[in-house]
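Shown below: entry21.txt, with compact mmCIF, C-alpha atoms.
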# COMPACT_ATOMS: atom_id res chain seq x y z
CA MET A 15 -110.97 -16.85 -9.25
CA LYS A 16 -108.64 -18.50 -6.82
CA PHE A 17 -106.38 -21.21 -8.27
CA SER A 18 -103.56 -23.12 -6.66
CA PHE A 19 -100.58 -24.19 -8.72
CA LYS A 20 -99.70 -26.78 -6.08
CA LEU A 21 -102.19 -29.36 -7.26
CA GLY A 22 -101.60 -32.55 -5.32
CA LEU A 23 -102.24 -35.81 -7.07
CA ASN A 24 -104.02 -37.03 -3.96
CA SER A 25 -106.66 -34.33 -4.31
CA PRO A 26 -110.12 -35.71 -5.21
CA LEU A 27 -110.71 -32.61 -7.34
CA ILE A 28 -107.55 -32.79 -9.43
CA PHE A 29 -109.22 -34.55 -12.37
CA PHE A 30 -111.92 -31.93 -12.77
CA THR A 31 -109.48 -29.06 -12.40
CA LEU A 32 -107.07 -30.36 -15.02
CA LEU A 33 -109.94 -31.23 -17.32
CA ALA A 34 -111.25 -27.70 -17.10
CA LEU A 35 -107.82 -26.36 -18.02
CA ALA A 36 -107.66 -28.69 -21.00
CA VAL A 37 -111.09 -28.00 -22.47
CA ALA A 38 -111.46 -24.35 -21.53
CA PRO A 39 -108.56 -22.24 -22.82
CA THR A 40 -110.09 -19.09 -21.32
CA TYR A 41 -110.15 -20.59 -17.83
CA CYS A 42 -108.50 -17.90 -15.67
CA LEU A 43 -105.47 -18.87 -13.63
CA GLY A 44 -106.24 -16.78 -10.58
CA LEU A 45 -103.62 -14.59 -8.97
CA HIS A 46 -105.97 -13.96 -6.07
CA PHE A 47 -105.23 -15.91 -2.91
CA SER A 48 -108.24 -14.75 -0.88
CA VAL A 49 -111.97 -14.49 -1.60
CA PHE A 50 -111.95 -10.73 -0.94
CA GLU A 51 -111.37 -8.23 -3.70
CA ASP A 52 -107.95 -6.52 -3.53
CA LYS A 53 -106.85 -8.68 -0.59
CA PHE A 54 -103.89 -11.07 -0.91
CA GLU A 55 -103.73 -10.38 -4.61
CA CYS A 56 -100.70 -10.26 -6.91
CA SER A 57 -101.06 -9.29 -10.54
CA ASP A 58 -98.12 -11.32 -11.86
CA ILE A 59 -97.18 -13.83 -9.15
CA HIS A 60 -98.52 -17.37 -9.32
CA ASN A 61 -97.30 -18.64 -5.97
CA SER A 62 -98.95 -17.79 -2.66
CA MET A 63 -95.70 -17.63 -0.67
CA SER A 64 -94.03 -15.36 -3.21
CA CYS A 65 -97.15 -13.21 -3.28
CA ALA A 66 -97.14 -12.96 0.52
CA ARG A 67 -93.49 -11.89 0.57
CA SER A 68 -94.17 -9.27 -2.08
CA ILE A 69 -97.04 -7.85 -0.03
CA GLU A 70 -94.89 -7.89 3.11
CA SER A 71 -92.18 -5.90 1.36
CA SER A 72 -94.68 -3.16 0.48
CA LEU A 73 -96.24 -3.26 3.94
CA SER A 74 -92.88 -2.93 5.72
CA ASP A 75 -92.25 0.29 3.79
CA GLN A 76 -95.36 1.74 5.40
CA ILE A 77 -95.12 0.52 9.00
CA SER A 78 -92.00 0.32 11.12
CA HIS A 79 -92.85 -2.65 13.37
CA ILE A 80 -92.22 -5.23 10.61
CA GLN A 81 -88.59 -6.15 10.03
CA ARG A 82 -86.57 -8.80 8.23
CA THR A 83 -83.55 -8.98 10.52
CA GLN A 84 -82.10 -11.73 8.34
CA PRO A 85 -83.42 -14.08 5.64
CA GLY A 86 -86.07 -16.38 7.02
CA HIS A 87 -86.63 -14.33 10.17
CA LEU A 88 -89.68 -12.09 10.50
CA THR A 89 -89.48 -9.83 13.56
CA ILE A 90 -92.51 -7.92 14.84
CA ALA A 91 -92.12 -5.11 17.38
CA LEU A 92 -94.92 -5.10 19.96
CA ASN A 93 -96.34 -1.97 21.56
CA SER A 94 -94.62 -2.89 24.83
CA GLY A 95 -91.19 -2.61 23.26
CA LYS A 96 -90.68 -6.36 23.19
CA SER A 97 -90.56 -8.26 19.91
CA LEU A 98 -91.59 -11.61 18.45
CA THR A 99 -89.64 -13.43 15.75
CA TYR A 100 -91.17 -15.94 13.38
CA THR A 101 -88.55 -18.22 11.84
CA ASP A 102 -89.05 -20.12 8.60
CA THR A 103 -88.33 -23.85 8.72
CA PHE A 104 -87.35 -25.87 5.67
CA PRO A 105 -86.10 -29.30 6.84
CA ALA A 106 -84.35 -30.93 3.90
CA ASN A 107 -85.80 -34.39 4.39
CA SER A 108 -89.30 -33.36 5.51
CA PRO A 109 -90.94 -31.11 2.93
CA SER A 110 -94.31 -31.64 4.61
CA LYS A 111 -92.95 -29.70 7.60
CA HIS A 112 -91.96 -26.63 5.61
CA THR A 113 -93.30 -23.39 7.14
CA ALA A 114 -92.76 -19.79 6.06
CA TYR A 115 -94.14 -16.62 7.66
CA SER A 116 -95.04 -13.32 6.01
CA ALA A 117 -96.76 -10.23 7.42
CA ILE A 118 -99.39 -9.27 4.86
CA ASP A 119 -101.98 -6.91 6.35
CA GLN A 120 -102.53 -4.40 9.14
CA ILE A 121 -106.17 -5.17 10.00
CA THR A 122 -106.50 -2.51 12.74
CA ASP A 123 -103.90 -0.33 14.43
CA TYR A 124 -103.19 -3.20 16.83
CA LEU A 125 -103.99 -6.36 14.78
CA LEU A 126 -101.39 -7.62 12.29
CA LEU A 127 -102.12 -10.49 9.89
CA ILE A 128 -99.40 -13.07 9.32
CA HIS A 129 -99.58 -15.61 6.51
CA GLN A 130 -98.29 -19.07 7.38
CA GLN A 131 -97.28 -21.05 4.28
CA PHE A 132 -96.92 -24.82 4.48
CA TRP A 133 -95.76 -27.24 1.79
CA GLU A 134 -99.19 -27.26 0.19
CA ALA A 135 -101.72 -25.66 2.52
CA HIS A 136 -101.61 -22.34 4.35
CA SER A 137 -103.15 -20.62 7.37
CA TYR A 138 -103.26 -17.23 9.07
CA ILE A 139 -102.19 -15.83 12.42
CA LEU A 140 -103.76 -12.63 13.75
CA LEU A 141 -101.25 -11.01 16.10
CA ASP A 142 -102.35 -8.53 18.77
CA LEU A 143 -99.55 -6.00 18.91
CA ARG A 144 -100.64 -4.81 22.35
CA ASN A 145 -99.89 -8.05 24.15
CA GLY A 146 -98.44 -10.57 21.66
CA HIS A 147 -101.55 -12.77 21.73
CA GLU A 148 -102.03 -14.91 18.62
CA TYR A 149 -105.32 -15.97 17.07
CA SER A 150 -105.34 -18.83 14.58
CA LEU A 151 -107.77 -18.09 11.74
CA ALA A 152 -109.30 -20.49 9.21
CA GLY A 153 -108.97 -17.96 6.39
CA TYR A 154 -108.36 -14.37 5.44
CA PRO A 155 -110.13 -11.80 7.68
CA LEU A 156 -111.97 -8.68 6.53
CA LEU A 157 -112.93 -5.96 9.00
CA SER A 158 -116.54 -4.71 9.03
CA PRO A 159 -117.19 -1.07 8.00
CA GLN A 160 -117.39 0.20 11.59
CA GLY A 161 -114.74 -2.16 12.95
CA GLY A 162 -116.94 -4.28 15.18
CA TYR A 163 -116.54 -7.65 13.43
CA LEU A 164 -114.18 -9.75 11.35
CA PHE A 165 -115.48 -12.02 8.61
CA VAL A 166 -113.02 -14.83 7.92
CA ALA A 167 -113.31 -16.83 4.70
CA GLU A 168 -111.38 -19.56 2.91
CA GLN A 169 -112.24 -21.37 -0.30
CA ASP A 170 -110.18 -24.13 -1.88
CA LEU A 171 -112.30 -26.09 -4.32
CA ASP A 172 -109.54 -26.51 -6.88
CA ALA A 173 -106.83 -28.31 -4.93
CA GLY A 174 -108.52 -29.17 -1.65
CA PHE A 175 -105.49 -28.47 0.55
CA ASN A 176 -107.34 -26.06 2.83
CA GLU A 177 -110.75 -26.45 4.42
CA ASN A 178 -113.52 -24.26 3.09
CA ALA A 179 -114.54 -22.00 5.96
CA LEU A 180 -116.63 -19.07 7.15
CA GLN A 181 -116.09 -17.50 10.57
CA VAL A 182 -117.48 -14.42 12.27
CA TYR A 183 -115.54 -12.81 15.11
CA LYS A 184 -116.66 -9.95 17.33
CA LEU A 185 -113.97 -7.47 18.34
CA SER A 186 -114.18 -6.34 21.92
CA GLU A 187 -111.76 -4.09 23.79
CA ASN A 188 -109.33 -6.84 24.71
CA THR A 189 -110.45 -10.02 22.94
CA LEU A 190 -111.59 -11.55 19.69
CA ASP A 191 -114.69 -13.71 20.24
CA LEU A 192 -115.84 -16.37 17.76
CA LEU A 193 -119.58 -15.91 17.09
CA TYR A 194 -120.06 -18.31 14.19
CA GLU A 195 -118.17 -20.98 12.28
CA LEU A 196 -119.03 -23.11 9.26
CA LYS A 197 -116.70 -25.47 7.37
CA PRO A 198 -118.65 -26.85 4.39
CA GLU A 199 -117.14 -29.83 2.61
CA LYS A 200 -118.65 -29.39 -0.86
CA TRP A 201 -118.70 -25.61 -1.34
CA GLY A 202 -116.84 -22.50 -0.34
CA PRO A 203 -117.48 -18.75 -0.12
CA ASP A 204 -116.45 -16.46 -2.96
CA GLN A 205 -116.76 -12.76 -3.88
CA VAL A 206 -117.21 -11.84 -0.23
CA TYR A 207 -117.86 -8.27 0.91
CA TRP A 208 -119.49 -6.41 3.79
CA THR A 209 -122.72 -4.64 2.78
CA THR A 210 -123.45 -3.12 6.22
CA GLU A 211 -121.90 -3.42 9.68
CA ASN A 212 -124.03 -6.53 10.31
CA THR A 213 -124.43 -8.15 6.87
CA VAL A 214 -122.05 -9.90 4.49
CA SER A 215 -122.83 -10.86 0.89
CA PHE A 216 -121.05 -13.75 -0.76
CA ILE A 217 -121.36 -16.44 -3.41
CA LYS A 218 -121.81 -20.06 -2.39
CA LYS A 219 -119.52 -21.73 -4.93
CA GLN A 220 -119.34 -25.45 -5.67
CA LEU A 221 -118.17 -27.77 -8.41
CA ASN A 222 -120.93 -28.75 -10.83
CA PRO A 223 -121.33 -32.57 -10.69
CA ASN A 224 -123.04 -32.43 -14.12
CA TYR A 225 -120.21 -30.54 -15.79
CA LEU A 226 -119.27 -33.45 -18.07
CA SER A 227 -122.84 -34.21 -19.13
CA SER A 228 -123.10 -31.30 -21.55
CA LYS A 229 -120.85 -28.70 -23.08
CA HIS A 230 -123.31 -26.07 -21.91
CA GLN A 231 -122.89 -26.95 -18.25
CA PRO A 232 -120.87 -24.46 -16.15
CA PHE A 233 -117.84 -25.74 -14.27
CA TYR A 234 -119.11 -24.15 -11.05
CA ILE A 235 -122.54 -23.66 -9.52
CA GLU A 236 -122.86 -20.26 -7.86
CA THR A 237 -125.61 -19.23 -5.46
CA LYS A 238 -126.00 -15.79 -3.91
CA ALA A 239 -126.04 -15.70 -0.11
CA VAL A 240 -126.27 -13.16 2.70
CA LEU A 241 -125.00 -13.64 6.24
CA SER A 242 -126.67 -11.51 8.90
CA ILE A 243 -125.51 -10.80 12.45
CA ALA A 244 -128.22 -9.93 14.99
CA PRO A 245 -127.92 -6.45 16.57
CA ASP A 246 -127.15 -8.07 19.92
CA SER A 247 -124.46 -10.26 18.29
CA GLN A 248 -126.14 -13.37 19.71
CA ARG A 249 -127.34 -14.91 16.44
CA VAL A 250 -125.94 -15.39 12.94
CA ASN A 251 -128.13 -16.40 10.03
CA ILE A 252 -127.39 -17.25 6.37
CA ARG A 253 -129.97 -16.94 3.59
CA TYR A 254 -129.43 -18.49 0.15
CA PHE A 255 -131.08 -17.14 -3.00
CA ASP A 256 -131.42 -19.80 -5.68
What would you get if you wrote out this structure as structure tokens?
Amino acid sequence: MKFSFKLGLNSPLIFFTLLALAVAPTYCLGLHFSVFEDKFECSDIHNSMSCARSIESSLSDQISHIQRTQPGHLTIALNSGKSLTYTDTFPANSPSKHTAYSAIDQITDYLLLIHQQFWEAHSYILLDLRNGHEYSLAGYPLLSPQGGYLFVAEQDLDAGFNENALQVYKLSENTLDLLYELKPEKWGPDQVYWTTENTVSFIKKQLNPNYLSSKHQPFYIETKAVLSIAPDSQRVNIRYFD
């Protein structure tokens, strides 16, 4: 379960979230900041920025092109020999403009994922190490088994700081092409995984509007779903199984 500790009072979902915490002592405070198993996950860190920095520290021990030249400066060495530096910004009088960068995943040998933390929300940058090109993603990306596609997913039903999103990208030799995009307002994807090179299984997760009507009502409604990509990559279809 994904849970944000930065619950804004302006969130329309704050009442239901806090109520669930009050009446359900076993409600799990998630340490998982993506909807993919074992991705962007910290066993004992409750803050997404701290989690991202912890992952970056481990990642930098494995690959040499990630460096912290000084606090607040993330430097990435490109294949060309040039480098890019991402600098954190924390203006004292404008907390809404806070931004911090952390390298958190090597998606392919030439695609590096950078987490961009804002005051409340967050986003992702996919950096092409071959040429320095940046792709702005709506959520965390997971590579398909054979490496032909990326499935991008974001779910924030608890706090509502980030848009719920599903995206499918096709990887070609030199580009990343968006094939499909969906940003549902009332539900988000969860428990996402690739089943084949062209199919993704996930849970359509939404708050239960009848939660307060009975103690037997679940807090969430969960529906199984499968996203399929046509062999020619020209069509994407989602089937829901009630």
| field | Counting all atoms listed in the file, the residue of A:Pro155, A:Thr237, A:Pro105, A:Cys56 that sits nearest Tyr207 of chain A | value | A:Pro155
| request: May I have the protein, DNA and RNA residues with an atom at most 8 Å from (-105.3, -4.8, 15.9), counting all atoms listed in the file in the file's coordinates, returned as a list in words? | output: Gln120, Ile121, Thr122, Asp123, Tyr124, Leu125, Leu126, Leu141, Asp142, Leu143 and Arg144 of chain A
| task | Tell me, in Å to one decimal, how far atom CA of Lys184 of chain A is from atom CA of Leu157 of chain A. | result | 10.0 Å
| Proximity to His136 of chain A - best of A:Pro198, A:Gly174, A:Gly161, A:Pro245, only C-alpha atoms |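 Closest residue, counting only C-alpha atoms: A:Gly174.
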| Of the listed residues A:Tyr254, A:Phe165, A:Tyr138, A:Phe104, that which approaches Asp191 of chain A most closely, counting all atoms listed in the file |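 Looking at the shortest contact to Asp191 of chain A, the residue is A:Phe165.
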| A:Tyr154, A:Leu98, A:Met63, A:Glu148: which is nearest His112 of chain A, counting all atoms listed in the file? |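 Nearest to His112 of chain A: A:Met63.
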| Can you list, as a ChimeraX atom specification, every protein, DNA or RNA residue that comes within 7 Å of Trp201 of chain A when you count only C-alpha atoms, leaving out same-chain residues fewer than 5 positions away? | /A:178,218-220
| request: Please provide as a ChimeraX atom specification all residues within 8 Å of Arg67 of chain A, with the sequence filter that same-chain residues fewer than 5 positions apart are discarded (counting only C-alpha atoms). | output: /A:116-118
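Considering the residues A:Thr99, A:Tyr149, A:Asp246, A:Ala66 and counting all atoms listed in the file, Gln130 of chain A has its shortest atom-to-atom contact with A:Ala66.
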| Which of these residues is nearest to Ser158 of chain A, using only C-alpha atoms: A:Glu177, A:Asp102, A:Glu211, A:Glu195? | A:Glu211
| request: Around the point (-124.9, -13.6, 2.8) in the file's coordinates, collect all residues with an atom within 6 Å, using only C-alpha atoms, and return them as number ranges by chain. | output: A: 214-216, 239-241, 252
| message | One decimal, in Å: what's the spacing between atom CA of Trp133 of chain A and atom CA of Glu70 of chain A? | response | 19.4 Å
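The space separating atom CA of Ser247 of chain A from atom CA of Asn212 of chain A comes to 8.8 Å.
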| request: Identify, on the basis of all atoms listed in the file, every residue whose closest approach to Leu185 of chain A does not exceed 8 Å; exclude the query and any residue fewer than 2 positions from it along the same chain; express the result as a PyMOL selection string. | output: chain A and resi 161-164+183+187-191
Writing out the chosen residues with C-alpha atoms as an mmCIF file, in the coordinates of the input:
data_model
loop_
_atom_site.group_PDB
_atom_site.id
_atom_site.type_symbol
_atom_site.label_atom_id
_atom_site.label_comp_id
_atom_site.auth_asym_id
_atom_site.auth_seq_id
_atom_site.Cartn_x
_atom_site.Cartn_y
_atom_site.Cartn_z
ATOM 1 C CA GLY A 161 -114.740 -2.160 12.950
ATOM 2 C CA GLY A 162 -116.940 -4.280 15.180
ATOM 3 C CA TYR A 163 -116.540 -7.650 13.430
ATOM 4 C CA LEU A 164 -114.180 -9.750 11.350
ATOM 5 C CA TYR A 183 -115.540 -12.810 15.110
ATOM 6 C CA GLU A 187 -111.760 -4.090 23.790
ATOM 7 C CA ASN A 188 -109.330 -6.840 24.710
ATOM 8 C CA THR A 189 -110.450 -10.020 22.940
ATOM 9 C CA LEU A 190 -111.590 -11.550 19.690
ATOM 10 C CA ASP A 191 -114.690 -13.710 20.240
#
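Taking all atoms listed in the file, the non-local environment of Thr89 of chain A within 9 Å (same-chain residues fewer than 5 positions away omitted) comprises His79, Ile80, Gln81, Arg82, Thr83, Ser97, Leu98, Thr99, Tyr100 and Thr101 of chain A.
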